[in-house]
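Quick look at model_28.cif (mmCIF, C-alpha atoms):
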```cif
data_my_file
loop_
_atom_site.label_atom_id
_atom_site.label_comp_id
_atom_site.auth_asym_id
_atom_site.auth_seq_id
_atom_site.Cartn_x
_atom_site.Cartn_y
_atom_site.Cartn_z
CA MET A 405 28.83 50.42 -49.19
CA THR A 406 30.34 48.48 -52.06
CA TYR A 407 27.84 47.88 -54.84
CA ALA A 408 27.84 44.87 -57.14
CA TYR A 409 26.32 44.54 -60.56
CA GLN A 410 26.35 41.30 -62.47
CA GLY A 411 24.76 40.91 -65.83
CA THR A 412 24.64 39.37 -69.25
CA MET A 413 23.95 40.74 -72.69
CA ARG A 414 23.17 38.77 -75.80
CA THR A 415 24.96 39.78 -78.99
CA ARG A 416 23.85 39.37 -82.54
CA PRO A 417 25.45 36.19 -83.90
CA GLY A 418 29.13 36.64 -84.67
CA HIS A 419 29.51 39.97 -82.87
CA ARG A 420 30.43 38.77 -79.40
CA ASP A 421 34.16 39.45 -79.60
CA GLU A 422 33.51 42.89 -81.04
CA VAL A 423 31.29 43.74 -78.09
CA VAL A 424 33.93 42.43 -75.67
CA ALA A 425 36.53 44.65 -77.30
CA ILE A 426 34.26 47.68 -77.01
CA LEU A 427 33.58 46.99 -73.34
CA LEU A 428 37.27 46.48 -72.58
CA SER A 429 38.41 49.56 -74.48
CA GLY A 430 37.20 52.13 -72.00
CA THR A 431 37.58 50.51 -68.60
CA ASP A 432 40.73 52.26 -67.40
CA GLY A 433 38.85 55.52 -66.97
CA LEU A 434 36.27 53.86 -64.78
CA ARG A 435 38.57 53.65 -61.76
CA ALA A 436 38.43 57.41 -61.26
CA ALA A 437 34.65 57.11 -61.41
CA GLY A 438 34.61 54.76 -58.40
CA CYS A 439 34.81 51.39 -60.16
CA HIS A 440 36.73 48.61 -58.37
CA LEU A 441 36.06 45.75 -60.78
CA TYR A 442 34.76 45.60 -64.32
CA ALA A 443 35.40 42.05 -65.49
CA VAL A 444 34.23 41.16 -68.97
CA GLY A 445 33.77 37.51 -69.85
CA VAL A 446 32.21 35.17 -72.35
CA SER A 447 30.31 31.94 -71.97
CA ALA A 448 31.99 28.65 -72.77
CA THR A 449 28.71 27.17 -73.95
CA ASP A 450 26.72 30.07 -75.44
CA PRO A 451 28.56 31.70 -78.36
CA ASP A 452 26.62 34.96 -78.23
CA LEU A 453 26.64 35.80 -74.54
CA VAL A 454 28.76 38.46 -72.84
CA VAL A 455 28.99 38.40 -69.04
CA VAL A 456 30.02 41.33 -66.84
CA SER A 457 30.86 41.37 -63.13
CA GLU A 458 31.22 44.81 -61.59
CA LEU A 459 32.04 46.20 -58.14
CA TRP A 460 31.66 49.92 -57.44
CA GLU A 461 32.21 52.26 -54.52
CA SER A 462 28.44 52.76 -54.41
CA LYS A 463 25.35 52.44 -56.58
CA GLU A 464 25.49 56.19 -57.06
CA HIS A 465 28.99 55.91 -58.54
CA HIS A 466 27.80 53.21 -60.90
CA ASP A 467 24.76 55.16 -62.00
CA ALA A 468 26.76 58.36 -62.50
CA SER A 469 29.28 56.49 -64.66
CA LEU A 470 26.59 55.87 -67.25
CA GLU A 471 26.73 59.59 -68.01
CA LEU A 472 30.47 59.64 -68.72
CA PRO A 473 31.29 60.45 -72.35
CA GLU A 474 33.38 57.28 -72.77
CA THR A 475 30.62 55.14 -71.30
CA LYS A 476 28.02 56.72 -73.53
CA ALA A 477 30.29 56.16 -76.55
CA ALA A 478 30.81 52.49 -75.64
CA ILE A 479 27.08 51.96 -75.18
CA ALA A 480 26.35 53.63 -78.50
CA ALA A 481 28.95 51.48 -80.26
CA ALA A 482 27.75 48.24 -78.69
CA MET A 483 23.99 48.68 -78.93
CA PRO A 484 23.65 47.87 -82.66
CA LEU A 485 25.52 44.60 -81.99
CA LEU A 486 23.14 43.47 -79.22
CA THR A 487 19.78 41.74 -79.44
CA GLY A 488 18.29 43.69 -76.54
CA GLU A 489 18.18 40.64 -74.25
CA PHE A 490 19.80 41.65 -70.97
CA THR A 491 19.85 40.19 -67.49
CA GLY A 492 21.12 42.05 -64.46
CA THR A 493 21.26 41.75 -60.70
CA GLU A 494 22.28 44.46 -58.24
CA ALA A 495 23.59 43.83 -54.76
CA ARG A 496 25.05 45.50 -51.71
CA VAL A 497 28.29 43.69 -50.90
CA GLU A 498 28.48 42.40 -47.33
CA GLY A 499 32.06 41.14 -47.64
CA GLY A 500 34.11 38.26 -48.89
CA LEU A 501 37.50 37.23 -50.18
CA GLY A 502 39.18 39.75 -52.46
CA VAL A 503 36.80 42.64 -51.83
CA ASP A 504 39.29 44.43 -49.55
CA VAL A 505 42.04 43.87 -52.12
CA LEU A 506 39.99 45.68 -54.74
CA THR A 507 38.67 48.50 -52.62
CA GLY A 508 42.08 49.09 -51.03
CA ALA A 509 43.78 49.03 -54.40
CA ALA A 510 41.32 51.54 -55.75
CA ALA A 511 42.12 53.92 -52.92
CA ARG A 512 45.85 53.88 -53.69
CA PRO A 513 47.17 56.72 -55.86
CA MET B 1274 42.18 31.52 -67.92
CA THR B 1275 40.33 33.33 -65.15
CA TYR B 1276 36.88 31.88 -64.55
CA ALA B 1277 33.89 33.85 -63.34
CA TYR B 1278 30.81 32.60 -61.60
CA GLN B 1279 27.93 34.85 -60.72
CA GLY B 1280 24.81 33.63 -59.09
CA THR B 1281 21.90 34.14 -56.77
CA MET B 1282 20.24 31.95 -54.18
CA ARG B 1283 16.88 32.50 -52.57
CA THR B 1284 16.65 32.02 -48.82
CA ARG B 1285 13.69 31.03 -46.75
CA PRO B 1286 12.09 34.21 -45.37
CA GLY B 1287 14.10 35.71 -42.54
CA HIS B 1288 17.22 33.59 -43.06
CA ARG B 1289 19.13 35.76 -45.51
CA ASP B 1290 21.61 37.23 -43.06
CA GLU B 1291 22.28 33.81 -41.58
CA VAL B 1292 23.14 32.48 -45.05
CA VAL B 1293 25.40 35.48 -45.69
CA ALA B 1294 27.24 34.78 -42.42
CA ILE B 1295 27.71 31.12 -43.37
CA LEU B 1296 29.05 32.05 -46.80
CA LEU B 1297 31.43 34.64 -45.34
CA SER B 1298 32.70 32.39 -42.57
CA GLY B 1299 34.84 30.15 -44.73
CA THR B 1300 36.15 32.36 -47.52
CA ASP B 1301 39.72 32.91 -46.28
CA GLY B 1302 40.65 29.33 -47.04
CA LEU B 1303 39.43 29.68 -50.61
CA ARG B 1304 42.45 31.73 -51.67
CA ALA B 1305 44.73 28.70 -51.43
CA ALA B 1306 42.21 26.84 -53.57
CA GLY B 1307 42.64 29.32 -56.43
CA CYS B 1308 39.89 31.80 -55.59
CA HIS B 1309 40.54 35.46 -56.43
CA LEU B 1310 37.17 36.93 -55.51
CA TYR B 1311 34.25 35.63 -53.51
CA ALA B 1312 32.00 38.63 -52.93
CA VAL B 1313 28.78 38.00 -51.06
CA GLY B 1314 25.98 40.52 -51.36
CA VAL B 1315 22.31 41.07 -50.76
CA SER B 1316 19.62 42.69 -52.81
CA ALA B 1317 18.35 46.15 -51.86
CA THR B 1318 14.89 45.31 -53.15
CA ASP B 1319 14.41 41.57 -52.54
CA PRO B 1320 14.70 40.68 -48.83
CA ASP B 1321 15.41 36.99 -49.42
CA LEU B 1322 18.04 37.07 -52.15
CA VAL B 1323 21.77 36.41 -51.72
CA VAL B 1324 24.09 37.34 -54.59
CA VAL B 1325 27.61 35.98 -55.13
CA SER B 1326 30.28 37.15 -57.56
CA GLU B 1327 33.29 34.87 -57.88
CA LEU B 1328 36.56 34.88 -59.83
CA TRP B 1329 38.79 31.80 -59.88
CA GLU B 1330 42.10 30.80 -61.38
CA SER B 1331 40.18 28.34 -63.57
CA LYS B 1332 36.89 26.47 -63.74
CA GLU B 1333 38.77 23.40 -62.51
CA HIS B 1334 39.84 25.26 -59.36
CA HIS B 1335 36.26 26.31 -58.74
CA ASP B 1336 34.88 22.83 -59.25
CA ALA B 1337 37.55 21.26 -57.05
CA SER B 1338 36.78 23.72 -54.24
CA LEU B 1339 33.31 22.22 -53.90
CA GLU B 1340 35.00 19.13 -52.48
CA LEU B 1341 36.85 21.02 -49.73
CA PRO B 1342 35.68 20.07 -46.22
CA GLU B 1343 34.95 23.71 -45.30
CA THR B 1344 32.98 24.24 -48.51
CA LYS B 1345 30.97 21.09 -47.95
CA ALA B 1346 30.28 22.17 -44.37
CA ALA B 1347 29.11 25.61 -45.51
CA ILE B 1348 26.84 24.09 -48.14
CA ALA B 1349 25.40 21.65 -45.61
CA ALA B 1350 24.74 24.48 -43.15
CA ALA B 1351 23.16 26.76 -45.73
CA MET B 1352 21.00 24.28 -47.64
CA PRO B 1353 18.19 24.02 -45.06
CA LEU B 1354 17.91 27.82 -45.16
CA LEU B 1355 17.46 27.98 -48.95
CA THR B 1356 14.37 27.48 -51.07
CA GLY B 1357 16.23 25.67 -53.86
CA GLU B 1358 15.82 28.55 -56.31
CA PHE B 1359 19.25 29.27 -57.76
CA THR B 1360 20.51 31.18 -60.77
CA GLY B 1361 24.06 30.98 -62.04
CA THR B 1362 26.18 32.06 -64.98
CA GLU B 1363 29.70 30.90 -65.78
CA ALA B 1364 32.17 32.84 -67.91
CA ARG B 1365 35.75 32.90 -69.11
CA VAL B 1366 37.15 36.31 -68.22
CA GLU B 1367 38.61 38.18 -71.17
CA GLY B 1368 39.91 41.11 -69.11
CA GLY B 1369 38.81 44.32 -67.53
CA LEU B 1370 39.53 46.75 -64.74
CA GLY B 1371 40.60 45.18 -61.45
CA VAL B 1372 41.14 41.66 -62.75
CA ASP B 1373 44.93 42.04 -62.74
CA VAL B 1374 44.77 43.47 -59.22
CA LEU B 1375 43.00 40.36 -58.00
CA THR B 1376 45.01 37.78 -59.88
CA GLY B 1377 48.29 39.50 -59.03
CA ALA B 1378 47.31 39.84 -55.39
CA ALA B 1379 46.42 36.17 -55.24
CA ALA B 1380 49.90 35.29 -56.49
CA ARG B 1381 51.59 37.20 -53.69
CA PRO B 1382 52.64 35.23 -50.62
#
```

Encoded form (structure tokens):
Amino acid sequence: MTYAYQGTMRTRPGHRDEVVAILLSGTDGLRAAGCHLYAVGVSATDPDLVVVSELWESKEHHDASLELPETKAAIAAAMPLLTGEFTGTEARVEGGLGVDVLTGAAARP
Amino acid sequence: MTYAYQGTMRTRPGHRDEVVAILLSGTDGLRAAGCHLYAVGVSATDPDLVVVSELWESKEHHDASLELPETKAAIAAAMPLLTGEFTGTEARVEGGLGVDVLTGAAARP
């Protein structure tokens, strides 16, 4: 069952773009770990907020990815730039436009 | 610039699946309105929470879609089943895994 994670993280002032770059640097390797979507965005109104929207093959795939060396390295690089204020919501995806595009695309070689 | 919206809505007890069905019923028509992703999910731990993750061609496309007859009908059908407790976060997508799959797929005929 496709798993969704959506969250925000607050960066120390002036470090938002650096955090975005860190998050974007390692995403290619996530596909093999069962990631369908890892979209990184920024707020138009809050200069220190980073927003992530993720879809995974399952919650287990997501949780296991946190143990990948590249994920651990990205977390370690980003943590000093964050305030520690996080929000996050998990969900089991029931369907919707675009979900099949992503999950089908992920299954292609 | 790709626009992301992520949000939650709380349903009146026992009406979650009905709201999910309403939200899923009209999503095909959203593609022509500039929608790349409209994933509808539910919480594994909160029985009355619906979670949506959306990606759009732009914020303007998203905002305009709220005026579509099918969107207005879905909102009208769902509103009596909701408590009025919403959360939502908007973002400008900077990149990430899967984003090109969705935006490229949306451009195909």

key: 8 Å contacts from chain A to chain B using only C-alpha atoms, as a PyMOL selection string   = chain A and resi 408+410+424+428+431-432+434-435+440-448+455+457+494-503+505-506+509

ask   = Which is closer to Pro1353 (chain B) than all the others in B:Ala1306, B:Met1274, B:Leu1339, B:Ile1295, using only C-alpha atoms?
value =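 Checking each candidate against Pro1353 (chain B), we get B:Ile1295 as the closest.
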
request  = Check which residues satisfy the PyMOL selection byres ((chain B and resi 1283) around 6) in the file shown, then give them as number ranges by chain.
outcome  = B: 1282, 1284, 1321-1322, 1355-1356, 1358

Take the residues from that selection and put them in a file with C-alpha atoms, as a CSV table (one decimal), in the frame of the given file.
```csv
chain,number,residue,atom,x,y,z
B,1282,MET,CA,20.2,32.0,-54.2
B,1284,THR,CA,16.6,32.0,-48.8
B,1321,ASP,CA,15.4,37.0,-49.4
B,1322,LEU,CA,18.0,37.1,-52.2
B,1355,LEU,CA,17.5,28.0,-49.0
B,1356,THR,CA,14.4,27.5,-51.1
B,1358,GLU,CA,15.8,28.6,-56.3
```

query = Between A:Ala468, A:Ala436, A:Ser462, A:His419, which has the minimum distance to Ala482 (chain A) (counting all atoms listed in the file)?
reply = A:His419

note = One decimal place gives the CA of Phe490 (chain A)-CA of Gly1287 (chain B) separation as 29.6 Å

request  = Calculate how many Å separate CA of His1334 (chain B) from CA of Ala1346 (chain B), rounding to one decimal.
outcome  =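 For CA of His1334 (chain B) relative to CA of Ala1346 (chain B), the distance reads 18.0 Å.
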
task = Calculate how many Å separate CA of Asp1336 (chain B) from CA of Trp460 (chain A), rounding to one decimal.
result =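 Result for CA of Asp1336 (chain B) versus CA of Trp460 (chain A): 27.3 Å, one decimal.
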